[in-house]
>>> print(open('protein-v5.txt').read())   # compact mmCIF, C-alpha atoms
# COMPACT_ATOMS: atom_id res chain seq x y z
CA MET A 1 0.00 0.00 0.00
CA VAL A 2 1.08 3.54 -0.75
CA LYS A 3 -0.24 6.78 0.71
CA TYR A 4 -0.89 9.40 -1.95
CA PHE A 5 -1.07 13.15 -1.37
CA CYS A 6 -1.99 15.90 -3.81
CA ASN A 7 -2.83 19.57 -3.57
CA ASN A 8 -2.89 22.69 -5.73
CA THR A 9 -1.84 26.16 -4.64
CA ASP A 10 -1.91 29.56 -6.29
CA ILE A 11 1.22 31.55 -5.46
CA ARG A 12 0.59 35.27 -5.82
CA SER A 13 3.82 36.06 -7.62
CA THR A 14 5.11 35.87 -11.18
CA TRP A 15 6.68 32.65 -12.41
CA ASP A 16 10.06 34.37 -12.90
CA HIS A 17 10.12 35.47 -9.26
CA VAL A 18 9.02 32.04 -8.03
CA VAL A 19 11.82 30.29 -9.96
CA SER A 20 14.39 32.76 -8.63
CA ALA A 21 13.12 32.28 -5.08
CA PHE A 22 13.18 28.48 -5.52
CA TRP A 23 16.97 28.52 -5.86
CA GLN A 24 17.36 30.86 -2.88
CA ARG A 25 14.86 29.37 -0.43
CA TYR A 26 17.49 27.88 1.93
CA PRO A 27 18.30 28.78 4.56
CA ASN A 28 15.06 30.18 5.94
CA PRO A 29 13.51 30.21 9.43
CA PHE A 30 10.75 27.77 8.40
CA SER A 31 13.09 24.99 7.16
CA THR A 32 15.68 24.63 9.91
CA HIS A 33 15.59 20.84 9.37
CA VAL A 34 17.38 21.37 6.03
CA LEU A 35 21.08 21.27 6.87
CA THR A 36 22.95 21.28 3.54
CA GLU A 37 22.33 21.60 -0.22
CA ASP A 38 24.84 20.83 -2.97
CA VAL A 39 24.58 20.88 -6.77
CA VAL A 40 25.95 17.61 -8.17
CA TYR A 41 24.88 18.01 -11.80
CA ARG A 42 23.72 20.84 -14.05
CA GLU A 43 23.17 21.14 -17.79
CA VAL A 44 21.48 23.48 -20.26
CA THR A 45 19.93 21.44 -23.07
CA THR A 46 19.78 22.37 -26.74
CA ASP A 47 16.12 23.39 -26.28
CA HIS A 48 17.19 25.78 -23.49
CA ARG A 49 15.91 23.78 -20.54
CA LEU A 50 17.96 23.80 -17.33
CA LEU A 51 18.45 20.36 -15.78
CA SER A 52 19.79 20.16 -12.22
CA ARG A 53 20.39 17.52 -9.59
CA ARG A 54 20.99 18.55 -6.00
CA LEU A 55 21.74 16.61 -2.83
CA LEU A 56 20.14 17.84 0.39
CA THR A 57 20.71 16.71 3.96
CA LYS A 58 17.86 16.96 6.44
CA THR A 59 17.26 15.91 10.02
CA ASN A 60 15.26 12.71 10.42
CA ARG A 61 13.38 12.61 13.72
CA LEU A 62 11.66 9.29 14.34
CA PRO A 63 8.31 9.15 16.12
CA ARG A 64 8.77 8.26 19.78
CA TRP A 65 6.85 4.99 19.45
CA ALA A 66 9.20 3.85 16.65
CA GLU A 67 12.52 4.58 18.37
CA ARG A 68 12.53 1.31 20.33
CA PHE A 69 12.34 -0.73 17.10
CA PHE A 70 15.49 0.73 15.54
CA PRO A 71 19.18 0.76 16.57
CA ALA A 72 20.29 3.61 18.80
CA GLY A 73 23.10 4.34 16.33
CA MET A 74 20.74 4.70 13.37
CA SER A 75 21.44 7.86 11.40
CA ARG A 76 19.24 10.77 12.35
CA PHE A 77 19.87 12.37 8.97
CA VAL A 78 18.18 11.71 5.65
CA TYR A 79 19.75 12.36 2.25
CA ILE A 80 17.44 13.71 -0.44
CA VAL A 81 18.00 13.86 -4.19
CA GLU A 82 16.22 16.68 -6.00
CA ASP A 83 15.96 16.62 -9.80
CA SER A 84 14.58 19.72 -11.49
CA ILE A 85 13.75 20.97 -14.96
CA VAL A 86 13.32 24.66 -15.71
CA ASP A 87 11.52 25.15 -19.02
CA PRO A 88 11.55 28.87 -19.91
CA VAL A 89 9.64 28.33 -23.15
CA ASN A 90 6.61 26.72 -21.49
CA ARG A 91 7.30 28.66 -18.27
CA SER A 92 7.31 25.66 -15.96
CA LEU A 93 9.55 24.33 -13.20
CA THR A 94 9.19 20.65 -12.40
CA THR A 95 10.93 19.00 -9.46
CA TYR A 96 11.13 15.40 -8.33
CA THR A 97 12.63 14.40 -4.97
CA TRP A 98 13.22 11.12 -3.16
CA ASN A 99 15.18 9.90 -0.14
CA LEU A 100 18.34 7.83 -0.58
CA ASN A 101 18.58 6.26 2.89
CA HIS A 102 16.06 4.79 5.36
CA THR A 103 14.02 3.61 2.37
CA THR A 104 12.96 0.40 4.13
CA LEU A 105 11.57 2.43 7.00
CA MET A 106 9.93 5.00 4.75
CA SER A 107 10.18 6.07 1.13
CA VAL A 108 8.86 9.52 0.21
CA GLU A 109 8.73 10.57 -3.43
CA GLU A 110 7.49 14.02 -4.34
CA ARG A 111 6.73 15.80 -7.61
CA CYS A 112 6.05 19.54 -7.86
CA VAL A 113 5.08 21.50 -10.95
CA PHE A 114 5.28 25.30 -10.85
CA GLN A 115 3.39 26.62 -13.88
CA ASP A 116 2.80 30.15 -15.06
CA SER A 117 -0.95 30.83 -14.77
CA ALA A 118 -2.71 31.66 -18.01
CA GLU A 119 -5.89 32.72 -16.22
CA GLN A 120 -4.52 34.84 -13.38
CA PRO A 121 -1.92 37.55 -14.04
CA ALA A 122 1.17 37.56 -11.79
CA THR A 123 0.21 34.15 -10.37
CA THR A 124 2.05 30.82 -10.39
CA GLN A 125 0.16 27.56 -10.02
CA LEU A 126 1.79 24.83 -7.95
CA LYS A 127 0.71 21.20 -8.08
CA ARG A 128 2.35 19.04 -5.39
CA GLU A 129 2.10 15.23 -5.30
CA ALA A 130 3.69 12.71 -2.92
CA TRP A 131 3.87 8.93 -2.63
CA ILE A 132 4.68 7.54 0.83
CA SER A 133 5.44 3.87 1.47
CA SER A 134 7.07 1.60 4.05
CA SER A 135 8.44 -1.95 3.91
CA ILE A 136 8.40 -2.64 7.66
CA TYR A 137 6.26 -5.74 8.04
CA GLY A 138 3.44 -5.25 10.52
CA PHE A 139 4.13 -1.54 11.00
CA SER A 140 3.88 -0.15 7.46
CA ARG A 141 0.46 1.38 7.99
CA PRO A 142 1.25 3.48 11.11
CA ILE A 143 4.60 4.49 9.59
CA GLN A 144 2.86 5.64 6.41
CA GLU A 145 0.27 7.55 8.46
CA PHE A 146 3.07 9.24 10.39
CA GLY A 147 4.88 10.01 7.13
CA LEU A 148 1.75 11.52 5.62
CA ALA A 149 1.13 13.72 8.66
CA ARG A 150 4.75 14.88 8.66
CA PHE A 151 4.69 15.53 4.92
CA LYS A 152 1.57 17.70 5.19
CA SER A 153 3.17 19.69 8.00
CA ASN A 154 6.44 20.07 6.09
CA GLN A 155 4.77 21.15 2.85
CA VAL A 156 3.10 24.04 4.68
CA LYS A 157 6.52 25.00 6.06
CA ALA A 158 7.97 24.68 2.56
CA MET A 159 5.40 27.18 1.29
CA LYS A 160 6.30 29.57 4.07
CA GLY A 161 9.98 29.22 3.23
CA LEU A 162 9.35 29.89 -0.45
CA GLU A 163 7.28 32.98 0.35
CA TYR A 164 10.03 34.13 2.71
CA ALA A 165 12.54 33.87 -0.13
CA LEU A 166 10.14 35.73 -2.42
CA SER A 167 9.78 38.52 0.10
CA ASN A 168 13.55 38.88 0.34
CA LEU A 169 13.83 39.09 -3.45
CA GLN A 170 11.13 41.72 -3.67
CA GLY A 171 12.44 43.73 -0.73
CA GLU A 172 9.26 43.41 1.32
CA MET A 173 8.63 42.28 4.86
CA PRO A 174 8.09 38.49 4.99
CA GLN A 175 4.90 38.80 7.07
CA ARG A 176 3.19 40.84 4.37
CA LEU A 177 3.67 38.25 1.64
CA LEU A 178 3.17 35.20 3.83
CA ARG A 179 -0.26 36.14 5.13
CA ASP A 180 -2.44 35.38 2.10
CA SER A 181 -0.40 32.69 0.31
CA VAL A 182 0.23 30.55 3.40
CA LYS A 183 -3.39 30.82 4.45
CA ASP A 184 -4.41 29.69 0.98
CA ALA A 185 -1.91 26.80 1.00
CA SER A 186 -3.04 25.63 4.45
CA GLY A 187 -6.71 25.66 3.46
CA LYS A 188 -6.10 23.72 0.30
CA ALA A 189 -3.93 21.20 2.16
CA LYS A 190 -6.88 20.43 4.45
CA GLU A 191 -9.17 20.05 1.47
CA ALA A 192 -6.71 17.79 -0.34
CA ALA A 193 -6.33 15.57 2.72
CA LYS A 194 -9.99 14.55 2.35
CA ASN A 195 -9.24 13.20 -1.10
CA LEU A 196 -6.32 10.92 -0.30
CA ALA A 197 -6.31 7.94 -2.61
CA SER A 198 -5.29 4.35 -1.95
CA ALA A 199 -2.51 2.69 -3.95
CA ALA A 200 -5.06 1.22 -6.32
CA SER A 201 -6.47 4.58 -7.36
CA ALA A 202 -3.35 6.73 -6.98
CA PRO A 203 -1.51 7.93 -10.09
CA GLN A 204 1.61 6.01 -10.94
CA LYS A 205 4.81 7.32 -9.40
CA PRO A 206 6.92 9.37 -11.83
CA GLN A 207 10.27 8.31 -13.16
CA GLN A 208 13.46 10.13 -12.28
CA TYR A 209 14.27 12.97 -14.67
CA ILE A 210 18.05 12.76 -14.90
>>> encode(input="protein-v5.txt", output="structure tokens")
Amino acid sequence: MVKYFCNNTDIRSTWDHVVSAFWQRYPNPFSTHVLTEDVVYREVTTDHRLLSRRLLTKTNRLPRWAERFFPAGMSRFVYIVEDSIVDPVNRSLTTYTWNLNHTTLMSVEERCVFQDSAEQPATTQLKREAWISSSIYGFSRPIQEFGLARFKSNQVKAMKGLEYALSNLQGEMPQRLLRDSVKDASGKAKEAAKNLASAASAPQKPQQYI
């Protein structure tokens, strides 16, 4: 079984600003669990798309009930690969992330598409999807439920961090920009949670880009 998450958010900023803020979103006060970020691959294709692969290190706090099942020396860090494609012609930024370690305990794969809105001026549409699974026999369901709850909490923080980066780029106070966009993201996250699909009905997980 796989837990599937999906939501859509309207970011009240132009696509160009959102892409610029995406590369400058760390560090920020809402993502203190992100420790490092390193570019390991980058290429501009003949059709002018920018392909990137980055490695991120994040803290990995286990739920208290799960700590007794795992070695005390188990790494408390998780290594994340982030593939991204910036397409300036179609004005889209697509990212795909997945964890490299602790995959037996929990695997989290995420796809985000930032698309310039054709209907709303100076607005970027974000579609975020995630697939959460666990291979721990007898405990996969509670681990997946924990992973889903953590993911929903972290994606709200991720939105706050992105808006914080946007506010810095635009020279405005973070609180002013965060107010409406974060409220909108939080409301839509609650709505999306009601529509969680089972593995049978969930879209197929995407392939890696690079």
>>> atom_distance(input="protein-v5.txt", atom1="CA of Ser84 (chain A)", atom2="CA of Glu129 (chain A)")
14.6 Å
>>> residues_around(input="protein-v5.txt", residues="Asp16 (chain A)", least_positions_apart="6", cutoff="10 Å", atoms="all atoms listed in the file", output="PDB file with C-alpha atoms, in the frame of the given file")
ATOM      1  CA  PHE A  22      13.180  28.480  -5.520  1.00  0.00           C
ATOM      2  CA  PRO A  88      11.550  28.870 -19.910  1.00  0.00           C
ATOM      3  CA  ARG A  91       7.300  28.660 -18.270  1.00  0.00           C
ATOM      4  CA  SER A  92       7.310  25.660 -15.960  1.00  0.00           C
ATOM      5  CA  ASP A 116       2.800  30.150 -15.060  1.00  0.00           C
ATOM      6  CA  ALA A 122       1.170  37.560 -11.790  1.00  0.00           C
ATOM      7  CA  THR A 124       2.050  30.820 -10.390  1.00  0.00           C
TER       8      THR A 124
END
>>> axis_aligned_box(input="protein-v5.txt", around="region 142-160 of chain A", padding_each_side="4 Å", output="AutoDock Vina command-line options")
--center_x 4.1 --center_y 16.5 --center_z 6.2 --size_x 15.7 --size_y 34.1 --size_z 17.8
>>> residues_near_point(input="protein-v5.txt", point="(19.9, 15.9, -10.7)", cutoff="12 Å", atoms="all atoms listed in the file", output="MDAnalysis selection string")
chainID A and resid 38:43 50:56 80:85 94:98 208:210
>>> closest_residue(input="protein-v5.txt", among="A:Asp10, A:Glu145, A:Glu163, A:Glu37", to="Glu119 (chain A)", atoms="all atoms listed in the file")
A:Asp10
>>> atom_distance(input="protein-v5.txt", atom1="CA of Thr57 (chain A)", atom2="CA of Ser140 (chain A)")
24.1 Å
>>> residues_around(input="protein-v5.txt", residues="Thr14 (chain A)", least_positions_apart="3", cutoff="9 Å", atoms="all atoms listed in the file", output="ChimeraX atom specification")
/A:11,17-19,116-117,121-124
>>> atom_distance(input="protein-v5.txt", atom1="CA of Thr9 (chain A)", atom2="CA of Gly147 (chain A)")
21.1 Å
>>> closest_residue(input="protein-v5.txt", among="A:Ser134, A:Leu169, A:Lys127, A:Ala158", to="Thr103 (chain A)", atoms="only C-alpha atoms")
A:Ser134
>>> closest_residue(input="protein-v5.txt", among="A:Gly138, A:Gln144, A:Gln125, A:Ala149", to="Ser13 (chain A)", atoms="all atoms listed in the file")
A:Gln125
>>> build_atoms(input="protein-v5.txt", residues="region 111-131 of chain A", atoms="N, CA, C and O atoms", output="compact mmCIF listing (two decimals), in the frame of the given file")
# COMPACT_ATOMS: atom_id res chain seq x y z
N ARG A 111 6.64 15.08 -6.34
CA ARG A 111 6.73 15.80 -7.61
C ARG A 111 5.99 17.12 -7.47
O ARG A 111 4.85 17.16 -7.02
N CYS A 112 6.66 18.21 -7.88
CA CYS A 112 6.05 19.54 -7.86
C CYS A 112 6.15 20.15 -9.25
O CYS A 112 7.19 20.03 -9.90
N VAL A 113 5.08 20.79 -9.68
CA VAL A 113 5.08 21.50 -10.95
C VAL A 113 4.65 22.94 -10.69
O VAL A 113 3.53 23.19 -10.23
N PHE A 114 5.57 23.88 -10.95
CA PHE A 114 5.28 25.30 -10.85
C PHE A 114 5.01 25.80 -12.27
O PHE A 114 5.92 25.80 -13.11
N GLN A 115 3.78 26.24 -12.54
CA GLN A 115 3.39 26.62 -13.88
C GLN A 115 2.85 28.04 -13.90
O GLN A 115 2.05 28.42 -13.05
N ASP A 116 3.32 28.81 -14.88
CA ASP A 116 2.80 30.15 -15.06
C ASP A 116 1.30 30.07 -15.33
O ASP A 116 0.85 29.29 -16.18
N SER A 117 0.50 30.87 -14.62
CA SER A 117 -0.95 30.83 -14.77
C SER A 117 -1.39 31.62 -15.98
O SER A 117 -1.02 32.79 -16.14
N ALA A 118 -2.18 30.97 -16.83
CA ALA A 118 -2.71 31.66 -18.01
C ALA A 118 -3.96 32.45 -17.68
O ALA A 118 -4.32 33.39 -18.40
N GLU A 119 -4.63 32.07 -16.58
CA GLU A 119 -5.89 32.72 -16.22
C GLU A 119 -5.71 33.90 -15.27
O GLU A 119 -6.47 34.87 -15.33
N GLN A 120 -4.70 33.82 -14.39
CA GLN A 120 -4.52 34.84 -13.38
C GLN A 120 -3.17 35.54 -13.57
O GLN A 120 -2.13 34.90 -13.44
N PRO A 121 -3.18 36.83 -13.87
CA PRO A 121 -1.92 37.55 -14.04
C PRO A 121 -1.09 37.55 -12.76
O PRO A 121 -1.64 37.55 -11.65
N ALA A 122 0.22 37.51 -12.92
CA ALA A 122 1.17 37.56 -11.79
C ALA A 122 0.87 36.47 -10.76
O ALA A 122 0.99 36.67 -9.56
N THR A 123 0.51 35.29 -11.24
CA THR A 123 0.21 34.15 -10.37
C THR A 123 0.89 32.90 -10.92
O THR A 123 0.91 32.67 -12.13
N THR A 124 1.43 32.10 -10.03
CA THR A 124 2.05 30.82 -10.39
C THR A 124 1.27 29.69 -9.74
O THR A 124 0.99 29.73 -8.54
N GLN A 125 0.91 28.71 -10.53
CA GLN A 125 0.16 27.56 -10.02
C GLN A 125 1.13 26.45 -9.64
O GLN A 125 2.01 26.09 -10.41
N LEU A 126 0.95 25.92 -8.43
CA LEU A 126 1.79 24.83 -7.95
C LEU A 126 0.93 23.60 -7.71
O LEU A 126 -0.05 23.64 -6.97
N LYS A 127 1.32 22.50 -8.36
CA LYS A 127 0.71 21.20 -8.08
C LYS A 127 1.74 20.34 -7.38
O LYS A 127 2.83 20.12 -7.91
N ARG A 128 1.42 19.85 -6.19
CA ARG A 128 2.35 19.04 -5.39
C ARG A 128 1.74 17.65 -5.18
O ARG A 128 0.60 17.52 -4.76
N GLU A 129 2.52 16.62 -5.50
CA GLU A 129 2.10 15.23 -5.30
C GLU A 129 3.16 14.50 -4.49
O GLU A 129 4.35 14.80 -4.60
N ALA A 130 2.73 13.51 -3.70
CA ALA A 130 3.69 12.71 -2.92
C ALA A 130 3.19 11.29 -2.82
O ALA A 130 1.97 11.04 -2.74
N TRP A 131 4.15 10.34 -2.81
CA TRP A 131 3.87 8.93 -2.63
C TRP A 131 4.68 8.45 -1.43
O TRP A 131 5.92 8.57 -1.42
